[in-house]
Every structure is written in structure tokens, then in C-alpha cells.
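For reference, protein-v3.txt (compact mmCIF, C-alpha atoms):
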```
# COMPACT_ATOMS: atom_id res chain seq x y z
CA MET A 503 172.40 149.41 148.61
CA LYS A 504 175.21 148.31 146.39
CA GLY A 505 173.61 145.22 145.11
CA LEU A 506 172.74 141.61 145.95
CA MET A 507 174.35 138.20 145.46
CA ILE A 508 174.33 134.66 146.70
CA PRO A 509 177.80 134.23 148.25
CA THR A 510 179.64 130.96 148.46
CA ARG A 511 183.07 129.99 149.60
CA PRO A 512 185.29 128.12 147.17
CA ALA A 513 186.49 124.66 148.13
CA ILE A 514 190.25 124.28 148.45
CA ARG A 515 190.58 122.04 145.40
CA PRO A 516 188.82 121.76 143.11
CA VAL A 517 187.00 125.07 143.22
CA ALA A 518 183.25 124.71 143.32
CA ALA A 519 181.76 128.19 143.27
CA ALA A 520 178.15 129.06 143.61
CA VAL A 521 176.71 130.53 140.45
CA LEU A 522 173.88 132.97 140.26
CA ALA A 523 172.34 132.92 136.80
CA CYS A 524 169.41 135.13 137.55
CA GLY A 525 169.70 138.83 137.05
CA VAL A 526 167.76 141.99 137.39
CA LEU A 527 166.69 142.89 133.85
CA LEU A 528 164.41 145.84 133.77
CA ALA A 529 161.05 145.83 132.05
CA GLY A 530 161.19 147.40 128.63
CA VAL A 531 164.96 147.17 128.17
CA ALA A 532 165.01 144.32 125.68
CA CYS A 533 166.70 145.49 122.49
CA SER A 534 164.48 146.46 119.60
CA ALA A 535 164.32 144.78 116.23
CA ASP A 536 166.26 147.74 114.82
CA ASN A 537 169.49 146.68 116.50
CA LYS A 538 168.65 142.97 116.53
CA GLY A 539 169.10 142.73 120.26
CA PRO A 540 168.05 139.77 122.40
CA GLN A 541 164.63 139.79 124.00
CA VAL A 542 164.58 139.22 127.75
CA SER A 543 161.56 138.64 129.94
CA PRO A 544 161.22 141.53 132.41
CA THR A 545 161.21 141.11 136.15
CA ILE A 546 158.24 141.99 138.31
CA SER A 547 160.03 145.11 139.46
CA SER A 548 163.42 146.67 138.94
CA LYS A 549 165.91 146.12 141.76
CA PRO A 550 169.66 146.71 142.19
CA ASN A 551 171.87 143.92 140.90
CA SER A 552 172.98 143.03 144.38
CA SER A 553 174.46 139.66 143.51
CA GLU A 554 177.67 141.66 143.23
CA SER A 555 178.37 142.20 146.90
CA GLY A 556 176.74 139.26 148.61
CA THR A 557 175.54 141.41 151.45
CA ALA A 558 171.80 141.55 150.87
CA THR A 559 168.88 139.20 150.42
CA PRO A 560 167.53 138.35 146.98
CA GLU A 561 164.97 140.62 145.40
CA SER A 562 162.50 139.78 142.69
CA THR A 563 164.34 138.09 139.81
CA THR A 564 163.66 136.02 136.74
CA THR A 565 165.44 133.20 134.95
CA ALA A 566 166.95 133.66 131.52
CA ALA A 567 165.03 130.77 129.96
CA GLU A 568 162.38 129.39 132.29
CA SER A 569 161.20 126.79 129.79
CA ALA A 570 164.60 125.06 129.53
CA SER A 571 164.68 122.33 132.17
CA SER A 572 168.43 121.89 131.78
CA SER A 573 169.13 125.58 132.29
CA PRO A 574 171.56 126.46 135.08
CA SER A 575 169.53 129.58 135.76
CA VAL A 576 168.13 130.13 139.25
CA SER A 577 164.78 131.70 139.95
CA ALA A 578 163.98 133.47 143.19
CA GLY A 579 160.80 135.05 144.38
CA GLN A 580 160.55 138.13 146.55
CA GLY A 581 162.52 137.50 149.74
CA GLU A 582 163.37 133.91 148.88
CA SER A 583 166.83 132.39 148.98
CA PRO A 584 167.52 130.85 145.57
CA SER A 585 169.28 127.52 145.36
CA ALA A 586 172.78 127.55 143.89
CA ALA A 587 174.17 125.40 141.10
CA ALA A 588 177.82 124.44 141.52
CA SER A 589 180.20 125.53 138.80
CA PRO A 590 182.11 122.79 136.95
CA VAL A 591 185.27 121.23 138.28
CA ALA A 592 188.50 122.37 136.64
CA THR A 593 189.50 119.77 134.07
CA ALA A 594 193.23 120.40 133.91
CA LEU A 595 194.95 117.50 135.67
CA SER A 596 198.32 119.11 136.33
CA TRP A 597 198.92 122.64 137.59
CA LYS A 598 201.97 124.84 138.11
CA THR A 599 202.58 128.14 139.92
CA PHE A 600 203.77 131.37 138.35
CA THR A 601 205.61 133.87 140.56
CA ASP A 602 207.25 137.05 139.32
CA PRO A 603 210.94 137.60 140.26
CA ALA A 604 210.04 140.19 142.91
CA LYS A 605 207.42 137.85 144.38
CA THR A 606 204.76 140.52 143.99
CA VAL A 607 202.18 138.16 142.54
CA SER A 608 201.64 134.44 142.18
CA PHE A 609 198.90 132.25 140.75
CA GLU A 610 198.32 128.70 139.60
CA LEU A 611 197.67 127.74 135.99
CA PRO A 612 197.37 124.48 134.05
CA GLU A 613 200.71 122.84 133.27
CA ASP A 614 200.40 123.39 129.51
CA TRP A 615 199.37 127.05 129.78
CA ILE A 616 201.90 129.83 129.27
CA ALA A 617 202.48 132.85 131.54
CA GLN A 618 204.65 135.48 129.87
CA SER A 619 206.01 138.58 131.59
CA LEU A 620 205.57 141.76 129.55
CA THR A 621 206.63 145.39 129.88
CA PRO A 622 204.12 147.22 132.12
CA GLU A 623 201.90 149.86 130.56
CA ALA A 624 203.23 153.41 130.29
CA GLY A 625 202.36 155.35 133.42
CA SER A 626 202.40 152.30 135.69
CA LEU A 627 203.81 152.72 139.18
CA PRO A 628 207.40 151.59 139.94
CA GLY A 629 207.64 147.84 140.42
CA ALA A 630 204.52 147.18 138.35
CA VAL A 631 204.03 143.70 136.90
CA LYS A 632 202.30 142.65 133.69
CA VAL A 633 201.76 138.98 132.84
CA GLU A 634 199.84 137.57 129.87
CA VAL A 635 198.36 134.07 130.10
CA LYS A 636 197.65 131.84 127.09
CA ASP A 637 196.33 128.29 126.99
CA GLY A 638 198.15 125.26 125.59
CA ALA A 639 197.00 126.09 122.06
CA GLY A 640 198.33 129.64 122.32
CA LYS A 641 194.90 131.24 122.75
CA TYR A 642 194.77 134.34 124.92
CA VAL A 643 193.18 133.79 128.36
CA ALA A 644 193.85 136.76 130.64
CA THR A 645 196.25 139.53 131.63
CA LEU A 646 197.47 140.33 135.14
CA GLN A 647 198.57 143.93 135.75
CA THR A 648 199.66 145.66 138.95
CA GLY A 649 200.73 149.23 139.66
CA LEU A 650 197.83 150.74 137.72
CA PRO A 651 197.27 154.43 138.48
CA ALA A 652 193.98 155.23 140.20
CA GLN A 653 191.24 155.69 137.64
CA ALA A 654 187.97 157.54 137.98
CA PRO A 655 184.88 155.71 136.72
CA SER A 656 183.91 156.45 133.14
CA ALA A 657 181.06 158.89 132.68
CA CYS A 658 177.69 157.23 132.23
CA PRO A 659 175.30 159.71 130.58
CA ALA A 660 171.63 159.47 131.44
CA GLY A 661 169.88 156.90 129.29
CA GLN A 662 173.11 155.20 128.18
CA SER A 663 173.36 152.52 130.87
CA ARG A 664 172.47 148.93 130.03
CA PRO A 665 171.21 146.00 132.17
CA TYR A 666 173.93 143.77 133.56
CA VAL A 667 173.89 140.42 135.36
CA VAL A 668 176.36 138.89 137.81
CA ILE A 669 176.38 135.22 136.81
CA SER A 670 179.21 134.08 139.11
CA SER A 671 180.74 135.86 142.10
CA VAL A 672 183.16 134.21 144.53
CA PRO A 673 184.94 136.00 147.43
CA LEU A 674 188.72 136.25 147.29
CA ASP A 675 191.13 137.50 149.95
CA LEU A 676 193.21 140.24 148.32
CA PRO A 677 194.73 143.51 149.55
CA HIS A 678 192.43 146.40 148.69
CA SER A 679 191.16 149.78 149.72
CA GLU A 680 187.59 150.50 150.67
CA GLY A 681 185.31 153.29 149.55
CA PRO A 682 181.67 154.15 148.94
CA GLU A 683 181.61 152.33 145.60
CA THR A 684 183.61 149.24 146.53
CA ILE A 685 182.90 145.73 147.77
CA ASP A 686 185.17 143.01 149.11
CA PRO A 687 187.29 141.54 146.27
CA ARG A 688 185.65 138.82 144.21
CA VAL A 689 186.23 136.67 141.14
CA VAL A 690 183.29 137.43 138.89
CA PHE A 691 181.76 136.55 135.56
CA ARG A 692 179.32 139.24 134.48
CA VAL A 693 177.37 140.03 131.34
CA ILE A 694 175.97 143.29 130.03
CA GLN A 695 173.12 143.45 127.55
CA GLY A 696 173.54 145.05 124.14
CA TYR A 697 172.67 143.60 120.75
CA LYS A 698 174.02 140.43 122.39
CA PHE A 699 175.00 139.50 125.94
CA PHE A 700 178.66 140.41 126.39
CA GLY A 701 180.53 138.58 129.15
CA SER A 702 183.82 139.04 130.95
CA TYR A 703 185.63 137.42 133.88
CA GLY A 704 188.13 138.88 136.31
CA VAL A 705 188.85 140.07 139.83
CA THR A 706 187.18 143.25 141.09
CA ASN A 707 186.14 145.20 144.13
CA VAL A 708 184.41 147.97 142.16
CA VAL A 709 180.63 148.16 142.12
CA ALA A 710 179.48 148.03 138.52
CA GLY A 711 176.35 150.14 138.73
CA SER A 712 173.05 150.75 140.46
CA ASP A 713 169.54 149.43 139.88
CA GLY A 714 170.95 146.58 137.79
CA GLN A 715 172.29 148.91 135.10
CA SER A 716 175.72 150.19 134.13
CA CYS A 717 177.67 151.67 131.25
CA GLU A 718 180.83 149.72 132.08
CA LEU A 719 181.79 146.69 134.17
CA ARG A 720 185.35 147.15 135.46
CA ASN A 721 187.62 144.20 136.26
CA ARG A 722 189.79 146.13 138.68
CA VAL A 723 190.74 146.00 142.35
CA GLN A 724 191.50 149.30 144.05
CA GLY A 725 194.75 148.60 145.86
CA PRO A 726 195.89 149.93 149.24
CA ALA A 727 196.73 153.63 149.37
CA GLY A 728 199.85 154.45 147.37
CA LYS A 729 200.16 150.93 145.92
CA GLY A 730 198.12 151.36 142.77
CA ASP A 731 195.25 149.29 141.43
CA TYR A 732 195.53 145.87 139.80
CA SER A 733 193.60 143.69 137.39
CA PHE A 734 193.52 140.01 136.42
CA ALA A 735 190.96 139.51 133.68
CA ASP A 736 190.28 138.85 130.02
CA VAL A 737 189.63 142.58 129.49
CA PRO A 738 190.08 145.54 131.87
CA ALA A 739 186.43 146.54 131.42
CA ILE A 740 183.42 145.53 129.38
CA HIS A 741 180.52 147.50 127.95
CA ALA A 742 177.65 146.94 125.55
CA PHE A 743 179.58 146.77 122.30
CA ALA A 744 178.30 148.36 119.13
CA ALA A 745 177.73 146.10 116.14
CA ASP A 746 180.90 147.37 114.43
CA GLU A 747 183.17 147.01 117.50
CA LYS A 748 185.63 144.18 118.08
CA VAL A 749 184.31 142.04 120.93
CA ALA A 750 187.16 139.55 121.50
CA PRO A 751 188.69 138.67 123.89
CA ALA A 752 185.45 139.36 125.76
CA LYS A 753 182.70 136.80 125.23
CA ALA A 754 179.45 137.26 123.29
CA PHE A 755 176.31 135.16 123.76
CA ASP A 756 172.99 135.17 121.93
CA THR A 757 171.04 134.62 125.15
CA LEU A 758 171.55 135.07 128.86
CA ASP A 759 170.96 131.34 129.31
CA LEU A 760 173.94 130.51 127.07
CA ALA A 761 176.10 132.85 129.13
CA ALA A 762 174.97 131.09 132.31
CA LYS A 763 175.69 127.66 130.82
CA TYR A 764 179.21 128.80 129.94
CA ALA A 765 179.84 129.50 133.62
CA VAL A 766 178.01 126.42 134.96
CA HIS A 767 178.99 123.74 132.47
CA GLY A 768 182.06 125.11 130.73
CA SER A 769 185.39 123.49 131.55
CA ASP A 770 187.21 126.49 130.03
CA PHE A 771 185.64 128.81 132.58
CA ALA A 772 186.27 126.33 135.40
CA ASN A 773 190.00 126.33 134.67
CA VAL A 774 190.06 130.13 134.40
CA GLN A 775 188.10 130.49 137.63
CA ARG A 776 190.49 128.25 139.55
CA MET A 777 193.42 130.28 138.20
CA LEU A 778 191.86 133.60 139.22
CA LEU A 779 190.94 132.28 142.67
CA SER A 780 194.55 131.22 143.26
CA LEU A 781 195.83 134.79 142.84
CA LYS A 782 198.02 136.14 145.64
CA VAL A 783 199.18 139.75 145.66
CA ASN A 784 201.91 141.17 147.94
CA LEU A 785 201.94 144.96 147.84
```

Would you encode the structure as C-alpha cells?
Amino acid sequence: MKGLMIPTRPAIRPVAAAVLACGVLLAGVACSADNKGPQVSPTISSKPNSSESGTATPESTTTAAESASSSPSVSAGQGESPSAAASPVATALSWKTFTDPAKTVSFELPEDWIAQSLTPEAGSLPGAVKVEVKDGAGKYVATLQTGLPAQAPSACPAGQSRPYVVISSVPLDLPHSEGPETIDPRVVFRVIQGYKFFGSYGVTNVVAGSDGQSCELRNRVQGPAGKGDYSFADVPAIHAFAADEKVAPAKAFDTLDLAAKYAVHGSDFANVQRMLLSLKVNL
């Protein structure tokens, strides 16, 4: 099985996506004192992180901080259907639409945000588009890229995978190809556990890993045959960063609960989520 999630359908406006802040964190995987990693309570048993696909029923899970009554985390017992906490409403009052000259892509963004067309990466397919989005203060938000050559998954040596959690996953109708390691396209916010919890948002139809563990979470949609892949995300992929690696523009959280609160209560994420959910791709 590819993994399990609690699917919801976004409202037309504003977007109110269901958020799953419970993950499958395996017993004994909390980081040691040597690398100053966060400690996470283990689940009763290890199960695939199936919140990714939304096709299965919940397995045994645990909350990130069960003692915090204000936590957005959701706890589900074996075979139960956990309740869902709605993500925050986008706070931007005025929105505009960006469309590239060839009308390959379009998406909505807050009126004061900036969408700048850039030269596509070397090796991109003909007609590829690259757009960088910044907020009103000039802070980087996300990059949209089309025409990406097909890419094989990175090698994940035995013992190198890390626990990951799908905090938010909302279906999105986008052109894509299907395969053994794909799901229907979704807008996701996922975190992977290292010395901190590293989070990233984007569109994807690529399964991150199995048994709730992965070496890399890819924000990438495999496009129709011959059309190339595309990405709309803060980073193309995220992994468990080393202490001496640059984390930004990915997010870093001290606890899983803080990562969940970012998705449930954060207006920044709500605006980003609405923008990603408005994406239209014509290939």
C-alpha cells in the first residue's frame, strides 16, 4: 500500500483543507542526544504513512504533543477515522492571476505578491516555464517550473531513511502520468525528521516512501508522456538536513506540533496553500 491519508475537498473560496497532523513515527527513531534531535513518542506499531494518497483507512497513529490541549494534532486509534481540523482561511483580501504568455500555466496570488518569469533551467524541454513568487516584502515564497526532464528517484541506502509525516494533503486536478509509485496530484505540506523537523510545501504525485520513512520528499508532478514533469513548491525536494547544511527556504521546526500549528493556524501557509490550489497547467 502506498500510504494513508484523510482526504478532503477544498472549498471554492476560501480554501479550507483538512489537515492531518498525526504521523507514523517509528519506535526508536527519535534522534539521540549526540545530534540533538527531537524526541518523538513512538506509535504502537509502524505503519506506512498513508496520509499521502488518501486511499486507505487510518492505521495506528500518535499525536505530536498529546498534552497540549490547543494542539492541532489529530489522534486516531486502530481502524478509527480521525477528526479533521480545518486549515486557516487565506488572509490576503485581494488576489490577482498570473498567466505566462503561452498560457501554459496560471495561478492566483495575493495582489501585493510578485510573480517573475525567469529563464528555465538548462536541460528543460522546449516551451518550459519558470516563475518565481515573492511576497509583498520581497521574501521568497515558491518557484513554478515546467518542462523538467524525467528524473529517477534518488538512491536511499539501507538505514539512511528518516520518518516523515504528511501534515496537510489536498487533492488537485492536474495533468499527470500514472505509475507504480504515483498518486493523484495533491498540494501537500510534509515534514521529515532529522535533528529538527524539516517542512516543505508543494504539488506532487510522487509517493515519498514506504513504512512512513523516506530519504527524500519530492515536490514534483510526473507530467503526461513526452510533456516533462513540473513543480510548484518552496524547494524541489526536502531531506533530513545535516547540522551544517543550509535549510532555507525549507522550514525547520523544533517539534512536530509546531510544524502542525504552522499548517493549521498560520496565515502564511493559508495564502500559499490557496495559491498552490489555484494552479492550472495546460500541457

Using only C-alpha atoms, which residues sit within 6 Å of stretch 652-666 of chain A once same-chain residues fewer than 3 positions away are excluded, as an NGL selection string?
:A and (527 or 693-695 or 714-717)

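Atom CA of A:Gln724 sits 23.8 Å away from atom CA of A:Leu611.
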
Point out the residue among A:Pro687, A:Pro682, A:Pro726, A:Gly696 with the least atom-to-atom distance to A:Thr648, counting all atoms listed in the file.
A:Pro726

Would you give me, as a Markdown table, each residue of stretch 663-779 of chain A having an atom within 10 Å of an atom of stretch 615-637 of chain A, along with its shortest atom pair and that distance in Å to one decimal, using all atoms listed in the file and sorting by chain and residue number?
```
| residue | atom | partner | partner_atom | distance |
| --- | --- | --- | --- | --- |
| A:Gly728 | CA | A:Leu627 | CA | 9.3 |
| A:Lys729 | CA | A:Leu627 | CA | 7.9 |
| A:Gly730 | CA | A:Leu627 | CA | 6.9 |
| A:Asp731 | CA | A:Leu627 | CA | 9.5 |
| A:Tyr732 | CA | A:Ala630 | CA | 9.2 |
| A:Ser733 | CA | A:Lys632 | CA | 9.5 |
| A:Phe734 | CA | A:Val633 | CA | 9.0 |
| A:Ala735 | CA | A:Glu634 | CA | 9.9 |
| A:Asp736 | CA | A:Val635 | CA | 9.4 |
| A:Asp770 | CA | A:Asp637 | CA | 9.8 |
| A:Val774 | CA | A:Asp637 | CA | 9.9 |
```

For atom CA of A:Lys641 and atom CA of A:Thr599, quote the distance in Å rounded to one decimal.
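The value is 19.1 Å.
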
Would you tabulate, counting only C-alpha atoms, all residues of stretch 630-717 of chain A that have an atom at most 7 Å from an atom of stretch 744-754 of chain A, showing the closest pair of atoms and their distance in Å to one decimal, sorted by chain then ascending number, as a tab-separated table?
```
residue	atom	partner	partner_atom	distance
A:Lys698	CA	A:Ala754	CA	6.4
A:Phe699	CA	A:Ala754	CA	5.6
A:Phe700	CA	A:Ala754	CA	4.5
A:Gly701	CA	A:Lys753	CA	4.8
A:Ser702	CA	A:Ala752	CA	5.4
```

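Reported to one decimal place, the separation of atom CA of A:Leu719 from atom CA of A:Leu650 is 16.9 Å.
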
Which residues come within 12 Å of A:Asp686, counting all atoms listed in the file, excluding same-chain residues fewer than 2 positions away, as a ChimeraX atom specification?
/A:504,509,554-557,671-684,688-690,705-709,722-725

Choose the residue, out of A:Lys763, A:Leu758, A:Phe691, A:Phe743, that has the smallest atom-to-atom separation from A:Arg720; count only C-alpha atoms.
A:Phe691

Smallest atom-to-atom distance to A:Ile740: which of A:Ser769, A:Leu779, A:Asn784, A:Arg692, using all atoms listed in the file?
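For A:Ile740, the nearest of the candidates is A:Arg692.
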
Can you patch up stretch 686-703 of chain A, filling it in to N, CA and C atoms, and show the result as a compact mmCIF listing (two decimals), in the coordinates of the input?
```txt
# COMPACT_ATOMS: atom_id res chain seq x y z
N ASP A 686 184.02 143.87 148.88
CA ASP A 686 185.17 143.01 149.11
C ASP A 686 185.57 142.36 147.78
N PRO A 687 186.86 142.12 147.55
CA PRO A 687 187.29 141.54 146.27
C PRO A 687 186.60 140.22 145.95
N ARG A 688 186.36 140.01 144.67
CA ARG A 688 185.65 138.82 144.21
C ARG A 688 186.17 138.43 142.83
N VAL A 689 186.05 137.15 142.52
CA VAL A 689 186.23 136.67 141.14
C VAL A 689 184.84 136.60 140.54
N VAL A 690 184.63 137.32 139.45
CA VAL A 690 183.29 137.43 138.89
C VAL A 690 183.26 137.05 137.42
N PHE A 691 182.07 136.64 136.99
CA PHE A 691 181.76 136.55 135.56
C PHE A 691 180.45 137.29 135.38
N ARG A 692 180.48 138.38 134.62
CA ARG A 692 179.32 139.24 134.48
C ARG A 692 179.02 139.46 133.00
N VAL A 693 177.77 139.72 132.71
CA VAL A 693 177.37 140.03 131.34
C VAL A 693 176.58 141.33 131.32
N ILE A 694 176.73 142.06 130.24
CA ILE A 694 175.97 143.29 130.03
C ILE A 694 175.22 143.16 128.73
N GLN A 695 174.00 143.66 128.69
CA GLN A 695 173.12 143.45 127.55
C GLN A 695 173.23 144.56 126.52
N GLY A 696 173.57 144.16 125.29
CA GLY A 696 173.54 145.05 124.14
C GLY A 696 172.79 144.35 123.03
N TYR A 697 173.32 144.37 121.81
CA TYR A 697 172.67 143.60 120.75
C TYR A 697 172.88 142.10 120.96
N LYS A 698 173.85 141.77 121.85
CA LYS A 698 174.02 140.43 122.39
C LYS A 698 174.33 140.59 123.87
N PHE A 699 174.57 139.46 124.55
CA PHE A 699 175.00 139.50 125.94
C PHE A 699 176.52 139.36 125.95
N PHE A 700 177.21 140.40 126.40
CA PHE A 700 178.66 140.41 126.39
C PHE A 700 179.18 140.09 127.78
N GLY A 701 180.06 139.07 127.86
CA GLY A 701 180.53 138.58 129.15
C GLY A 701 182.01 138.76 129.35
N SER A 702 182.41 138.87 130.61
CA SER A 702 183.82 139.04 130.95
C SER A 702 184.06 138.50 132.35
N TYR A 703 185.26 137.92 132.56
CA TYR A 703 185.63 137.42 133.88
C TYR A 703 186.85 138.18 134.39
```
